[in-house]
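Remarks on the structure that follows.
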Amino acid sequence: QAARNGLEGMLVYIDLDNFKDINDSLGHYMGDALLRELGQRLQALADPKRLFARSSGDEFIALLEVESGEASVATELARIQQAVLAPVTVNGHQLVTTVSVGVSLYPEDGQDFTTLYRNADTAMYAAKTDGRNTWRRFDRAMQEKASERQQLLAELRGALSRDEFSLHYQPQVSLIDRELIGAEALLRWHHPVLGQMSPARFVPIAEESGLIVEIGEWVLRQVCRQGRAWHEAGLPPITLAVNLSAIQFQHHDLPSTVARILDETGFDGRHLELELTESVLAGDEARVAQTIALLKHHHIRVAIDDFGTGYSSMAYLNRFAVDKLKIDQSFVREMDTDRNSASVVTAIIRLAHSLDLNVIAEGVETERQAQHLAQLDCDEAQGYHFGRPVPPKAFTALLQTLPEQC
């Protein structure tokens, strides 16, 4: 139709953001009701030049005939977003959702449906990567990035068997006496061609592919083995913190896996701390509570990572047996120059202490920040000011010398 009329055709790929959280927290009935309402809203926009369909799950597509030019594209997308972003009320619950949108144009980005659909999907993923609740137009750079991503995934699948992963440890200190009290284990991938790779580049791929469960188990086992080795070497016991992704936490076998690893390595669970993101706690409450209880049975500590950046709620802090809140480095970095960040840090510390929780600040890079946090009664801190992440051998020496340096 666009070809006959001398116009451009536009394929729009619409994906709801964080739809799984709605299903997990409110139930599939609520999720289905939301999808029906959004489908009806999109259908109301349909006319001979606009076709809408639900392709699968929480994904919709639109085929539109548009005038040439970015302004025409932006106008059509604004109509779609306006329809989708308005709150939806279901059984007294007001649901507010956002969407990530990818766009491909005919004939520039493809001359058949399959190509246009694939390219719009690629653009949608770019919108997700850029923070969600936005739209992106397909370009060739995205295609190259998607190809690179597929290549990394293929190489990531064999990274464990090729012994390409390693762990570095970053010190955590008490702000009362500046003594070393713990360390966070951080995963590193030494790619055979690209060299040392940032976790921010490969961890999202591992999570989406499900490989994070296998990799996470390897991390946990290595940390426990290392902790046991330090103990047998006569070094003072410290708490070792390990990040768990939401996918790991939701895995039905997590508590038994952790128990098995503790048994295999002989590591004392009292010196293990598992860091969870806030989104984990916003899921199935009964299951979350049961999983945490099973972990606590082995005296494992539970911390909430990046607190204040996600779905913060007093309710789940009171409901679940967590031990520590971790202040996100974005607040710490700006607390000396931004009044709002300083207020957030102060509020988190007071909240934690009112609930008898410890609080640790990450990303501490200056003595001024450390002193400010100590004045606010923050319990612990980590960051470049106290030490960068280092391999186990270097951290062994740090264990013996860091207290004097801090």
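Lettering and numbering for the structure tokens are positional, with chains as A, B, ... in the shown order, residues counted from 1 in each chain, and ligands counted from 1 in the shown order.
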
Within 8 Å of segment 255-261 of chain A, which residues of segment 152-234 of chain A come that close, and what is the closest atom pair and distance in Å for each? Count only C-alpha atoms and give it as JSON lines.
```
{"residue": "A:Glu217", "atom": "CA", "partner": "A:Thr257", "partner_atom": "CA", "distance": 7.7}
{"residue": "A:Leu220", "atom": "CA", "partner": "A:Ile261", "partner_atom": "CA", "distance": 7.6}
{"residue": "A:Arg221", "atom": "CA", "partner": "A:Ile261", "partner_atom": "CA", "distance": 5.9}
{"residue": "A:Cys224", "atom": "CA", "partner": "A:Ile261", "partner_atom": "CA", "distance": 7.5}
```

Sort by chain and increasing residue number a table of all residues of segment 353-377 of chain A within 10 Å of segment 328-348 of chain A, each with its closest pair of atoms and their distance in Å to one decimal, counting only C-alpha atoms, and write it as a Markdown table.
```
| residue | atom | partner | partner_atom | distance |
| --- | --- | --- | --- | --- |
| A:His353 | CA | A:Ile348 | CA | 8.6 |
| A:Ser354 | CA | A:Ile348 | CA | 9.8 |
| A:Val359 | CA | A:Ile348 | CA | 8.1 |
| A:Ile360 | CA | A:Asp328 | CA | 9.2 |
| A:Ala361 | CA | A:Asp328 | CA | 6.8 |
| A:Glu362 | CA | A:Gln329 | CA | 5.1 |
| A:Gly363 | CA | A:Gln329 | CA | 4.5 |
| A:Val364 | CA | A:Val332 | CA | 6.7 |
| A:Glu365 | CA | A:Arg333 | CA | 7.8 |
| A:Thr366 | CA | A:Arg333 | CA | 9.3 |
| A:Arg368 | CA | A:Asp336 | CA | 8.2 |
| A:Gln369 | CA | A:Asp336 | CA | 7.1 |
| A:Ala370 | CA | A:Val332 | CA | 9.5 |
| A:His372 | CA | A:Asp336 | CA | 8.2 |
| A:Leu373 | CA | A:Val345 | CA | 8.5 |
| A:Leu376 | CA | A:Thr346 | CA | 6.6 |
| A:Asp377 | CA | A:Thr346 | CA | 9.0 |
```

Export of the given selection (C-alpha atoms) as a compact mmCIF listing (two decimals), in the first residue's frame:
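result_1.txt written:
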```txt
# COMPACT_ATOMS: atom_id res chain seq x y z
CA HIS A 353 18.73 1.89 61.94
CA SER A 354 15.06 2.26 62.89
CA VAL A 359 23.81 0.11 56.28
CA ILE A 360 26.77 0.21 53.91
CA ALA A 361 27.60 2.91 51.37
CA GLU A 362 29.24 1.92 48.09
CA GLY A 363 31.25 4.09 45.74
CA VAL A 364 33.13 6.02 48.44
CA GLU A 365 36.00 7.71 46.62
CA THR A 366 37.15 10.51 48.94
CA ARG A 368 35.42 13.79 52.71
CA GLN A 369 32.67 11.36 51.69
CA ALA A 370 33.88 8.84 54.28
CA HIS A 372 30.41 12.72 56.01
CA LEU A 373 29.00 9.18 56.07
CA LEU A 376 25.58 10.39 59.57
CA ASP A 377 26.22 7.14 61.53
```

Just list the residues in segment 163-363 of chain A DSSP gives strand (DSSP E or B) on the backbone, as a PyMOL selection string. chain A and resi 165-174+180-191+195-197+239-243+272-277+301-307+324-327+358-361

To one decimal in Å, tell me the separation between atom CA of Asp268 of chain A and atom CA of Thr239 of chain A. 9.9 Å

Point-to-point distance in Å for atom CA of Phe267 of chain A and atom CA of Arg228 of chain A: 5.2 Å

Considering only C-alpha atoms, state which residue in the set A:Asp177, A:Glu273, A:Asp21, A:Glu164 is at the smallest distance from Val193 of chain A.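 Nearest to Val193 of chain A: A:Glu164.
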
All residues 8 Å or closer to Ala246 of chain A, only C-alpha atoms, same chain fewer than 2 positions away omitted, as a list in words: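 After dropping sequence-adjacent residues, the list is Leu244, Gln248, Phe249, Gln250, Leu276, Thr277, Ser279 and Val280 of chain A.
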
Looking at only C-alpha atoms, which of A:Asn318, A:Ser56, A:Ser209, A:Asn119 is the one that sits closest to Ser147 of chain A?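 Going through A:Asn318, A:Ser56, A:Ser209, A:Asn119 one by one, the smallest distance to Ser147 of chain A is for A:Asn119.
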
Could you give me, as a PyMOL selection string, the residues within 7 Å of segment 122-139 of chain A, counting only C-alpha atoms and dropping anything in the same chain fewer than 3 positions from it? chain A and resi 13+17+98-104+118-119+142-143+146

Ranking A:Gly308, A:Gly195, A:Gly269, A:Pro171 by minimum distance to Gln400 of chain A and counting only C-alpha atoms, which one comes first? A:Pro171
